$ cat coords.csv   # CSV, C-alpha atoms
chain,number,residue,atom,x,y,z
A,98,MET,CA,3.8,-4.7,-40.6
A,99,GLU,CA,4.1,-8.5,-40.2
A,100,ARG,CA,0.9,-10.3,-41.3
A,101,ASN,CA,0.9,-13.2,-38.9
A,102,THR,CA,-2.2,-15.2,-38.0
A,103,GLU,CA,-2.7,-13.5,-34.7
A,104,LEU,CA,-2.8,-10.1,-36.3
A,105,LEU,CA,-5.1,-11.2,-39.1
A,106,LEU,CA,-7.5,-12.8,-36.5
A,107,ARG,CA,-7.4,-9.6,-34.4
A,108,VAL,CA,-8.3,-7.4,-37.4
A,109,ALA,CA,-11.0,-9.8,-38.5
A,110,ARG,CA,-12.6,-9.9,-35.1
A,111,MET,CA,-12.5,-6.1,-34.8
A,112,TYR,CA,-14.2,-5.6,-38.1
A,113,HIS,CA,-16.7,-8.5,-38.3
A,114,VAL,CA,-17.5,-9.2,-34.7
A,115,GLN,CA,-17.0,-5.8,-32.9
A,116,SER,CA,-18.3,-3.9,-36.0
A,117,GLU,CA,-15.5,-1.3,-35.9
A,118,THR,CA,-14.8,0.7,-39.0
A,119,MET,CA,-11.6,0.3,-41.0
A,120,ASP,CA,-10.6,3.9,-40.0
A,121,ALA,CA,-11.0,3.0,-36.3
A,122,ILE,CA,-9.0,-0.2,-36.7
A,123,ALA,CA,-6.3,1.7,-38.5
A,124,HIS,CA,-6.1,4.3,-35.8
A,125,GLN,CA,-5.8,1.7,-33.0
A,126,LEU,CA,-3.0,-0.2,-34.9
A,127,GLY,CA,-1.2,2.9,-36.1
A,128,VAL,CA,-1.5,1.9,-39.8
A,129,SER,CA,-3.3,3.3,-42.9
A,130,ARG,CA,-6.9,2.3,-43.8
A,131,SER,CA,-5.5,0.6,-47.0
A,132,THR,CA,-3.3,-1.6,-44.8
A,133,VAL,CA,-6.4,-2.7,-42.8
A,134,SER,CA,-8.2,-3.5,-46.1
A,135,ARG,CA,-5.2,-5.6,-47.2
A,136,LEU,CA,-5.1,-7.4,-43.9
A,137,LEU,CA,-8.8,-8.3,-44.2
A,138,LYS,CA,-8.2,-9.6,-47.7
A,139,ASP,CA,-5.3,-11.7,-46.5
A,140,ALA,CA,-7.5,-13.1,-43.7
A,141,ARG,CA,-10.2,-14.1,-46.3
A,142,ASP,CA,-7.6,-15.6,-48.6
A,143,ARG,CA,-6.3,-17.8,-45.8
A,144,GLY,CA,-9.7,-19.0,-44.8
A,145,LEU,CA,-9.8,-17.1,-41.5
A,146,ILE,CA,-12.9,-15.2,-42.5
A,147,ARG,CA,-15.9,-17.2,-43.9
A,148,VAL,CA,-19.2,-15.7,-45.0
A,149,THR,CA,-22.5,-17.6,-44.8
A,150,ILE,CA,-25.6,-16.3,-46.5
A,151,ALA,CA,-29.0,-17.9,-45.5
A,152,ASP,CA,-32.3,-17.0,-47.1
A,153,PRO,CA,-35.2,-19.4,-46.1
A,154,GLU,CA,-37.2,-18.3,-49.1
A,155,ARG,CA,-34.7,-19.1,-51.8
A,156,PRO,CA,-35.2,-22.3,-53.9
A,157,LEU,CA,-31.8,-23.7,-53.0
A,158,THR,CA,-32.8,-23.5,-49.3
A,159,ARG,CA,-36.0,-25.4,-50.1
A,160,LEU,CA,-34.1,-28.0,-52.1
A,161,SER,CA,-31.7,-28.5,-49.2
A,162,ALA,CA,-34.7,-29.1,-46.9
A,163,LEU,CA,-35.9,-31.9,-49.2
A,164,PHE,CA,-32.6,-33.7,-48.9
A,165,GLU,CA,-32.7,-33.3,-45.2
A,166,ARG,CA,-36.2,-34.7,-45.1
A,167,ASN,CA,-35.7,-37.6,-47.4
A,168,PHE,CA,-32.2,-38.6,-46.7
A,169,ARG,CA,-31.2,-37.0,-43.4
A,170,VAL,CA,-28.3,-35.4,-45.1
A,171,GLN,CA,-27.2,-31.7,-45.1
A,172,ALA,CA,-27.1,-30.6,-48.7
A,173,HIS,CA,-24.7,-27.8,-49.7
A,174,LEU,CA,-26.1,-26.7,-53.1
A,175,VAL,CA,-23.9,-24.9,-55.7
A,176,SER,CA,-25.3,-22.5,-58.3
A,177,VAL,CA,-23.7,-23.1,-61.6
A,178,ARG,CA,-24.5,-21.2,-64.8
A,179,SER,CA,-26.8,-23.1,-67.1
A,180,GLY,CA,-25.0,-24.7,-70.0
A,181,SER,CA,-21.6,-24.8,-68.2
A,182,SER,CA,-19.2,-27.5,-69.2
A,183,SER,CA,-18.8,-30.6,-67.0
A,184,VAL,CA,-15.3,-29.4,-66.1
A,185,LEU,CA,-16.4,-26.0,-65.0
A,186,ARG,CA,-19.3,-27.5,-63.0
A,187,LEU,CA,-16.9,-29.8,-61.2
A,188,GLU,CA,-14.6,-26.9,-60.5
A,189,GLN,CA,-17.3,-24.9,-58.9
A,190,VAL,CA,-18.6,-27.8,-56.8
A,191,ALA,CA,-15.0,-28.6,-55.7
A,192,LYS,CA,-14.4,-25.0,-54.5
A,193,VAL,CA,-17.5,-25.3,-52.2
A,194,ALA,CA,-16.4,-28.7,-51.0
A,195,ALA,CA,-12.9,-27.4,-50.2
A,196,ARG,CA,-14.3,-24.4,-48.2
A,197,LEU,CA,-16.6,-26.8,-46.3
A,198,LEU,CA,-13.5,-28.9,-45.4
A,199,ASP,CA,-11.9,-25.7,-44.2
A,200,ASP,CA,-14.8,-25.3,-41.8
A,201,ILE,CA,-14.7,-28.9,-40.5
A,202,ILE,CA,-11.1,-30.1,-40.3
A,203,THR,CA,-9.2,-29.2,-37.2
A,204,ASP,CA,-6.1,-30.2,-35.2
A,205,GLY,CA,-5.8,-34.0,-34.6
A,206,ASP,CA,-8.4,-35.0,-37.2
A,207,THR,CA,-7.9,-38.2,-39.3
A,208,VAL,CA,-9.2,-37.4,-42.8
A,209,GLY,CA,-10.2,-40.3,-45.1
A,210,VAL,CA,-9.9,-39.5,-48.8
A,211,ALA,CA,-11.2,-41.7,-51.6
A,212,TRP,CA,-9.2,-41.2,-54.8
A,213,GLY,CA,-11.0,-40.1,-58.0
A,214,THR,CA,-11.7,-37.3,-60.4
A,215,THR,CA,-13.8,-35.4,-57.8
A,216,THR,CA,-11.3,-35.6,-54.9
A,217,ALA,CA,-8.5,-34.6,-57.3
A,218,ALA,CA,-10.5,-31.5,-58.2
A,219,ILE,CA,-11.1,-30.7,-54.5
A,220,ALA,CA,-7.4,-31.2,-53.7
A,221,SER,CA,-6.5,-28.5,-56.3
A,222,GLN,CA,-8.8,-26.0,-54.4
A,223,LEU,CA,-7.5,-26.5,-50.9
A,224,ARG,CA,-5.9,-23.6,-49.1
A,225,PRO,CA,-3.0,-24.0,-46.7
A,226,ARG,CA,-4.1,-24.3,-43.0
A,227,ASP,CA,-2.0,-24.0,-39.9
A,228,LEU,CA,-3.0,-27.3,-38.3
A,229,ALA,CA,-1.3,-29.9,-36.2
A,230,GLY,CA,-1.6,-33.7,-35.9
A,231,VAL,CA,-3.7,-34.2,-39.0
A,232,ARG,CA,-3.5,-37.5,-40.7
A,233,ILE,CA,-4.7,-38.2,-44.3
A,234,VAL,CA,-5.8,-41.8,-44.9
A,235,GLY,CA,-6.7,-43.5,-48.2
A,236,LEU,CA,-10.2,-45.0,-48.2
A,237,ASN,CA,-9.7,-47.4,-51.1
A,238,GLY,CA,-6.8,-49.2,-52.8
A,239,GLY,CA,-5.6,-47.9,-56.1
A,240,ALA,CA,-3.6,-50.6,-57.8
A,241,ASN,CA,-4.8,-52.5,-60.9
A,242,ASP,CA,-3.2,-55.1,-63.2
A,243,ARG,CA,-1.3,-52.5,-65.2
A,244,THR,CA,-0.2,-49.9,-62.6
A,245,THR,CA,0.4,-49.6,-58.9
A,246,GLY,CA,-1.9,-46.5,-58.8
A,247,LEU,CA,0.6,-44.8,-56.5
A,248,PRO,CA,1.4,-41.7,-58.6
A,249,TYR,CA,-2.3,-40.9,-59.1
A,250,VAL,CA,-3.6,-41.8,-55.6
A,251,GLY,CA,-0.5,-40.5,-53.9
A,252,SER,CA,-0.7,-37.1,-55.5
A,253,ILE,CA,-4.2,-36.6,-54.2
A,254,LEU,CA,-3.4,-37.6,-50.7
A,255,GLN,CA,-0.2,-35.6,-50.7
A,256,ARG,CA,-2.0,-32.4,-51.7
A,257,PHE,CA,-4.5,-32.9,-48.8
A,258,ALA,CA,-1.6,-33.5,-46.5
A,259,ALA,CA,0.3,-30.5,-47.7
A,260,ALA,CA,-2.7,-28.2,-47.2
A,261,TYR,CA,-3.3,-29.4,-43.6
A,262,GLN,CA,0.3,-29.9,-42.7
A,263,GLY,CA,-0.4,-33.6,-42.1
A,264,GLU,CA,1.0,-37.0,-43.0
A,265,GLU,CA,-0.5,-39.3,-45.5
A,266,GLN,CA,-1.1,-43.0,-45.4
A,267,LEU,CA,-2.0,-44.9,-48.5
A,268,LEU,CA,-4.2,-48.0,-48.6
A,269,ALA,CA,-1.5,-50.1,-50.4
A,270,LEU,CA,-3.9,-52.6,-51.9
A,271,PRO,CA,-5.5,-53.2,-55.3
A,272,ALA,CA,-8.8,-51.5,-56.0
A,273,PHE,CA,-10.2,-54.9,-56.8
A,274,PHE,CA,-8.7,-58.3,-56.0
A,275,ASP,CA,-8.9,-61.0,-58.6
A,276,ASP,CA,-10.5,-63.5,-56.2
A,277,PRO,CA,-12.8,-62.8,-53.2
A,278,ALA,CA,-10.7,-65.4,-51.3
A,279,THR,CA,-7.6,-63.2,-51.7
A,280,ARG,CA,-9.4,-60.3,-50.1
A,281,VAL,CA,-10.5,-62.5,-47.2
A,282,ALA,CA,-6.9,-63.7,-46.7
A,283,MET,CA,-5.5,-60.2,-47.0
A,284,TRP,CA,-7.9,-58.9,-44.4
A,285,ARG,CA,-6.3,-61.4,-41.9
A,286,GLU,CA,-2.8,-60.0,-42.4
A,287,ARG,CA,-1.5,-57.8,-39.6
A,288,SER,CA,-0.2,-55.1,-42.0
A,289,THR,CA,-3.7,-54.9,-43.7
A,290,ARG,CA,-5.4,-54.8,-40.3
A,291,HIS,CA,-3.2,-51.9,-39.4
A,292,MET,CA,-4.3,-49.9,-42.5
A,293,LEU,CA,-7.9,-50.8,-41.9
A,294,SER,CA,-7.8,-49.7,-38.3
A,295,ALA,CA,-6.4,-46.3,-39.5
A,296,ARG,CA,-9.3,-46.1,-41.9
A,297,ALA,CA,-11.9,-46.9,-39.3
A,298,ALA,CA,-10.5,-44.2,-37.1
A,299,CYS,CA,-11.3,-41.4,-39.5
A,300,THR,CA,-13.1,-38.5,-38.0
A,301,VAL,CA,-13.9,-36.9,-41.5
A,302,ALA,CA,-14.3,-38.7,-44.8
A,303,VAL,CA,-14.4,-37.0,-48.3
A,304,PHE,CA,-15.3,-38.9,-51.5
A,305,GLY,CA,-17.0,-38.5,-54.8
A,306,ILE,CA,-19.5,-40.7,-56.6
A,307,GLY,CA,-18.5,-42.7,-59.7
A,308,SER,CA,-21.0,-43.3,-62.4
A,309,LEU,CA,-21.1,-45.6,-65.4
A,310,LYS,CA,-22.7,-42.9,-67.4
A,311,SER,CA,-21.3,-39.5,-66.3
A,312,GLU,CA,-20.2,-36.9,-68.8
A,313,LEU,CA,-16.9,-36.5,-67.1
A,314,GLN,CA,-15.8,-40.1,-66.9
A,315,SER,CA,-15.0,-41.5,-63.5
A,316,HIS,CA,-11.4,-42.6,-63.1
A,317,VAL,CA,-12.3,-46.1,-62.0
A,318,TYR,CA,-14.1,-46.7,-65.3
A,319,ALA,CA,-11.5,-45.0,-67.5
A,320,ALA,CA,-8.2,-46.3,-66.2
A,321,ASN,CA,-8.1,-50.1,-66.7
A,322,TYR,CA,-9.6,-51.1,-63.3
A,323,LEU,CA,-12.5,-52.9,-64.9
A,324,ASP,CA,-12.5,-55.2,-68.0
A,325,ASP,CA,-15.4,-55.8,-70.4
A,326,ASP,CA,-16.6,-58.8,-68.3
A,327,ASP,CA,-16.7,-56.7,-65.2
A,328,LEU,CA,-18.7,-53.9,-66.9
A,329,ALA,CA,-21.1,-56.4,-68.4
A,330,ALA,CA,-21.6,-57.9,-64.9
A,331,LEU,CA,-22.3,-54.5,-63.4
A,332,GLU,CA,-24.9,-53.8,-66.1
A,333,ALA,CA,-26.5,-57.1,-65.4
A,334,ALA,CA,-26.6,-56.3,-61.7
A,335,ARG,CA,-28.2,-52.9,-62.4
A,336,VAL,CA,-25.4,-51.0,-60.8
A,337,ALA,CA,-25.7,-47.2,-61.0
A,338,GLY,CA,-22.2,-46.3,-59.8
A,339,ASP,CA,-19.8,-46.5,-56.9
A,340,VAL,CA,-18.8,-45.0,-53.6
A,341,CYS,CA,-15.1,-45.5,-52.8
A,342,THR,CA,-15.0,-48.2,-55.5
A,343,VAL,CA,-17.9,-50.1,-53.8
A,344,MET,CA,-20.7,-50.5,-56.3
A,345,VAL,CA,-24.3,-49.4,-55.5
A,346,ARG,CA,-27.6,-49.7,-57.2
A,347,GLU,CA,-30.1,-46.8,-57.4
A,348,ASP,CA,-32.1,-48.2,-54.5
A,349,GLY,CA,-29.0,-48.2,-52.3
A,350,THR,CA,-28.4,-52.0,-52.2
A,351,TRP,CA,-24.8,-53.2,-52.6
A,352,ARG,CA,-24.0,-56.3,-50.5
A,353,ASP,CA,-25.0,-58.9,-53.1
A,354,ILE,CA,-23.1,-57.3,-56.0
A,355,PRO,CA,-20.3,-59.9,-56.8
A,356,LEU,CA,-17.6,-57.3,-57.6
A,357,ASN,CA,-18.0,-55.9,-54.1
A,358,HIS,CA,-16.7,-59.2,-52.7
A,359,ARG,CA,-13.4,-58.3,-54.4
A,360,ALA,CA,-13.3,-54.5,-53.6
A,361,SER,CA,-10.9,-53.0,-51.1
A,362,GLY,CA,-12.8,-49.7,-50.7
A,363,ILE,CA,-14.6,-48.8,-47.5
A,364,THR,CA,-18.2,-50.1,-47.5
A,365,PRO,CA,-21.3,-48.1,-46.9
A,366,ASP,CA,-21.7,-49.9,-43.6
A,367,GLU,CA,-18.2,-48.9,-42.5
A,368,LEU,CA,-18.7,-45.3,-43.7
A,369,GLN,CA,-21.8,-45.0,-41.5
A,370,GLN,CA,-19.5,-45.5,-38.5
A,371,LEU,CA,-17.5,-42.3,-39.3
A,372,PRO,CA,-18.7,-39.1,-37.6
A,373,ARG,CA,-18.6,-36.7,-40.6
A,374,ARG,CA,-18.9,-37.9,-44.2
A,375,ILE,CA,-18.7,-35.4,-47.1
A,376,CYS,CA,-20.0,-36.7,-50.4
A,377,VAL,CA,-19.3,-34.5,-53.4
A,378,ALA,CA,-21.0,-34.9,-56.8
A,379,SER,CA,-21.6,-32.9,-60.0
A,380,GLY,CA,-23.3,-33.5,-63.3
A,381,ALA,CA,-27.0,-34.6,-63.8
A,382,ALA,CA,-25.8,-37.8,-65.5
A,383,LYS,CA,-24.8,-39.0,-62.0
A,384,ALA,CA,-28.3,-38.6,-60.6
A,385,ALA,CA,-29.0,-42.4,-60.4
A,386,ALA,CA,-25.6,-43.0,-58.7
A,387,VAL,CA,-26.1,-40.1,-56.2
A,388,LEU,CA,-29.6,-41.4,-55.4
A,389,GLY,CA,-28.1,-44.8,-54.7
A,390,ALA,CA,-25.5,-43.3,-52.4
A,391,MET,CA,-28.2,-41.4,-50.5
A,392,HIS,CA,-30.3,-44.5,-50.1
A,393,ALA,CA,-27.2,-46.3,-48.9
A,394,GLY,CA,-26.8,-43.7,-46.1
A,395,VAL,CA,-23.1,-43.0,-46.9
A,396,ALA,CA,-23.1,-39.2,-46.2
A,397,THR,CA,-23.8,-36.7,-43.5
A,398,ASP,CA,-23.1,-33.9,-46.0
A,399,LEU,CA,-23.7,-33.6,-49.8
A,400,VAL,CA,-22.0,-31.0,-51.9
A,401,ILE,CA,-23.8,-30.9,-55.2
A,402,ASP,CA,-24.7,-28.5,-58.0
A,403,GLU,CA,-28.3,-27.4,-58.3
A,404,GLU,CA,-29.1,-29.1,-61.6
A,405,THR,CA,-27.9,-32.4,-60.3
A,406,ALA,CA,-29.7,-32.0,-57.0
A,407,ARG,CA,-33.0,-31.5,-58.9
A,408,ALA,CA,-32.3,-34.5,-61.1
A,409,VAL,CA,-31.8,-36.7,-58.0
A,410,LEU,CA,-35.0,-35.5,-56.4
A,411,ASN,CA,-36.9,-36.1,-59.7
A,412,ARG,CA,-35.6,-39.6,-59.8
A,413,LEU,CA,-36.8,-40.1,-56.2
A,414,ARG,CA,-40.2,-38.8,-57.1
A,415,PRO,CA,-41.2,-37.2,-60.4
A,416,GLY,CA,-41.6,-33.5,-60.0
A,417,LEU,CA,-40.1,-33.3,-56.6
A,418,GLY,CA,-37.2,-31.2,-57.8
A,419,LYS,CA,-39.4,-28.5,-59.3
A,420,VAL,CA,-39.5,-26.3,-56.1
$ encode --input "coords.csv" --output "structure tokens"
Amino acid sequence: MERNTELLLRVARMYHVQSETMDAIAHQLGVSRSTVSRLLKDARDRGLIRVTIADPERPLTRLSALFERNFRVQAHLVSVRSGSSSVLRLEQVAKVAARLLDDIITDGDTVGVAWGTTTAAIASQLRPRDLAGVRIVGLNGGANDRTTGLPYVGSILQRFAAAYQGEEQLLALPAFFDDPATRVAMWRERSTRHMLSARAACTVAVFGIGSLKSELQSHVYAANYLDDDDLAALEAARVAGDVCTVMVREDGTWRDIPLNHRASGITPDELQQLPRRICVASGAAKAAAVLGAMHAGVATDLVIDEETARAVLNRLRPGLGKV
């Protein structure tokens, strides 16, 4: 029997919506019960069936409520075994982020993606979707003085585009200009304005949070984008991390940080104009940077592991994360 999307959806509705048994479905379709079981598994694997579990008494639900109350953000908390490596923690968070994107992205969406360690992990967890008219747009430039950045950035955007049957559009600019005046001049160019207009038209954005002190080092701090003078200046400016290669402090301020006058990434103000903004973070060492991002109002949704979520709340107010 051909397992096309229409058949999988029919079986899924019969079983999960109409509450029919596998035996009853098998009889109606003229197949075996084991075939029905395989069809349901195929539907789950292709993301056609999604299961949501809600328990208002669970600690994770109460933690989510604290993020909603303090930051007006919907927190999707991920349970990760205590003592897990930073790589495994990121993998688990990336899986949840990928499934959330499955729920959100639909035909005709323009999806903004900021390159980085986190979005690379999410890209590896995406499942193919049968969508039309999707466009994948880079949210920040990727070149530095040693590389174009195209292989790294392009591979992330290409994986998103392949999963959603869309086309990708790089932001073909350096991550940081040498001179703020160069950025001002480039922003007047018609070709740049075209790329920026595509970025501003995003209906969904997905991005991680870079941190100067994370266990799993952020790509922008590990791949020649910043020299020793830049890092010293960030330390002096009390920078906690970055969102789309725009630096933020723990209190959410960012406009007066000198490096941001040279950055090509989408700013927190610009992000706030986009309808759905998915911020993804893992690792308690990123707590200060995550708190800065939350104060800056960059996200509508936050996908984060439980340990990091508690660390963020405890930085906001000591003991707040001990619910």
$ closest_residue --input "coords.csv" --among "A:Arg352, A:Arg285, A:Arg243, A:Arg159" --to "Thr364 of chain A" --atoms "all atoms listed in the file"
A:Arg352
$ closest_residue --input "coords.csv" --among "A:Arg107, A:His316, A:Arg346, A:Arg296" --to "Ile363 of chain A" --atoms "all atoms listed in the file"
A:Arg296
$ closest_residue --input "coords.csv" --among "A:Leu388, A:Val377, A:Ala295, A:Leu267" --to "Ala217 of chain A" --atoms "all atoms listed in the file"
A:Val377
$ atom_distance --input "coords.csv" --atom1 "atom CA of Ser315 of chain A" --atom2 "atom CA of Thr207 of chain A"
25.4 Å
$ residues_around --input "coords.csv" --residues "Leu368 of chain A" --least-positions-apart "5" --cutoff "9 Å" --atoms "only C-alpha atoms" --output "number ranges by chain"
A: 297, 302, 363, 374, 394-396
$ write_last_selection --input "coords.csv" --atoms "C-alpha atoms" --output "short mmCIF file (atom, residue, chain, number, x, y, z; two decimals), keeping the file's coordinate frame"
data_model
loop_
_atom_site.label_atom_id
_atom_site.label_comp_id
_atom_site.auth_asym_id
_atom_site.auth_seq_id
_atom_site.Cartn_x
_atom_site.Cartn_y
_atom_site.Cartn_z
CA ALA A 297 -11.90 -46.90 -39.30
CA ALA A 302 -14.30 -38.70 -44.80
CA ILE A 363 -14.60 -48.80 -47.50
CA ARG A 374 -18.90 -37.90 -44.20
CA GLY A 394 -26.80 -43.70 -46.10
CA VAL A 395 -23.10 -43.00 -46.90
CA ALA A 396 -23.10 -39.20 -46.20
#
$ closest_residue --input "coords.csv" --among "A:Tyr249, A:Phe257, A:Phe274, A:Phe164" --to "Ser221 of chain A" --atoms "only C-alpha atoms"
A:Phe257
$ residues_near_point --input "coords.csv" --point "(-0.8, -52.2, -60.3)" --cutoff "10 Å" --atoms "only C-alpha atoms" --output "list in words"
Gly239, Ala240, Asn241, Asp242, Arg243, Thr244, Thr245, Gly246, Leu247, Leu270, Pro271, Ala272, Asn321 and Tyr322 of chain A
$ atom_distance --input "coords.csv" --atom1 "atom CA of Ala191 of chain A" --atom2 "atom CA of Gly380 of chain A"
12.3 Å
$ decode --input "coords.csv" --residues "segment 391-400 of chain A" --atoms "all heavy atoms" --output "short mmCIF file (atom, residue, chain, number, x, y, z; two decimals), in the first residue's frame"
data_model
loop_
_atom_site.label_atom_id
_atom_site.label_comp_id
_atom_site.auth_asym_id
_atom_site.auth_seq_id
_atom_site.Cartn_x
_atom_site.Cartn_y
_atom_site.Cartn_z
N MET A 391 16.58 38.18 27.21
CA MET A 391 15.20 38.31 27.68
C MET A 391 14.88 39.76 28.04
O MET A 391 13.80 40.27 27.70
CB MET A 391 14.96 37.40 28.90
CG MET A 391 15.07 35.91 28.61
SD MET A 391 13.90 35.28 27.37
CE MET A 391 14.97 35.24 25.91
N HIS A 392 15.80 40.43 28.70
CA HIS A 392 15.59 41.85 29.02
C HIS A 392 15.48 42.69 27.76
O HIS A 392 14.75 43.69 27.73
CB HIS A 392 16.74 42.38 29.89
CG HIS A 392 16.63 42.02 31.34
ND1 HIS A 392 15.47 42.18 32.07
CD2 HIS A 392 17.55 41.53 32.21
CE1 HIS A 392 15.67 41.81 33.33
NE2 HIS A 392 16.92 41.40 33.44
N ALA A 393 16.21 42.29 26.70
CA ALA A 393 16.18 43.05 25.44
C ALA A 393 14.91 42.79 24.64
O ALA A 393 14.66 43.44 23.62
CB ALA A 393 17.41 42.70 24.60
N GLY A 394 14.11 41.81 25.05
CA GLY A 394 12.83 41.53 24.39
C GLY A 394 12.93 40.95 23.01
O GLY A 394 12.09 41.20 22.15
N VAL A 395 13.97 40.12 22.78
CA VAL A 395 14.20 39.62 21.42
C VAL A 395 13.32 38.44 21.04
O VAL A 395 13.21 38.12 19.86
CB VAL A 395 15.69 39.22 21.23
CG1 VAL A 395 16.60 40.41 21.45
CG2 VAL A 395 16.07 38.06 22.16
N ALA A 396 12.68 37.77 22.00
CA ALA A 396 12.03 36.49 21.72
C ALA A 396 10.55 36.49 22.07
O ALA A 396 10.12 37.14 23.02
CB ALA A 396 12.74 35.37 22.47
N THR A 397 9.79 35.73 21.29
CA THR A 397 8.43 35.36 21.69
C THR A 397 8.43 33.98 22.32
O THR A 397 7.55 33.66 23.13
CB THR A 397 7.49 35.35 20.48
OG1 THR A 397 7.98 34.42 19.49
CG2 THR A 397 7.39 36.73 19.85
N ASP A 398 9.41 33.14 21.93
CA ASP A 398 9.53 31.78 22.43
C ASP A 398 10.98 31.53 22.83
O ASP A 398 11.90 31.96 22.15
CB ASP A 398 9.14 30.75 21.36
CG ASP A 398 7.69 30.86 20.94
OD1 ASP A 398 7.37 31.77 20.16
OD2 ASP A 398 6.88 30.03 21.40
N LEU A 399 11.15 30.79 23.93
CA LEU A 399 12.48 30.41 24.39
C LEU A 399 12.52 28.90 24.60
O LEU A 399 11.74 28.36 25.37
CB LEU A 399 12.80 31.11 25.72
CG LEU A 399 14.11 30.71 26.41
CD1 LEU A 399 15.32 31.10 25.58
CD2 LEU A 399 14.19 31.34 27.81
N VAL A 400 13.40 28.23 23.87
CA VAL A 400 13.62 26.80 24.05
C VAL A 400 14.91 26.67 24.86
O VAL A 400 15.97 27.10 24.41
CB VAL A 400 13.75 26.05 22.71
CG1 VAL A 400 13.91 24.55 22.96
CG2 VAL A 400 12.53 26.32 21.84
#
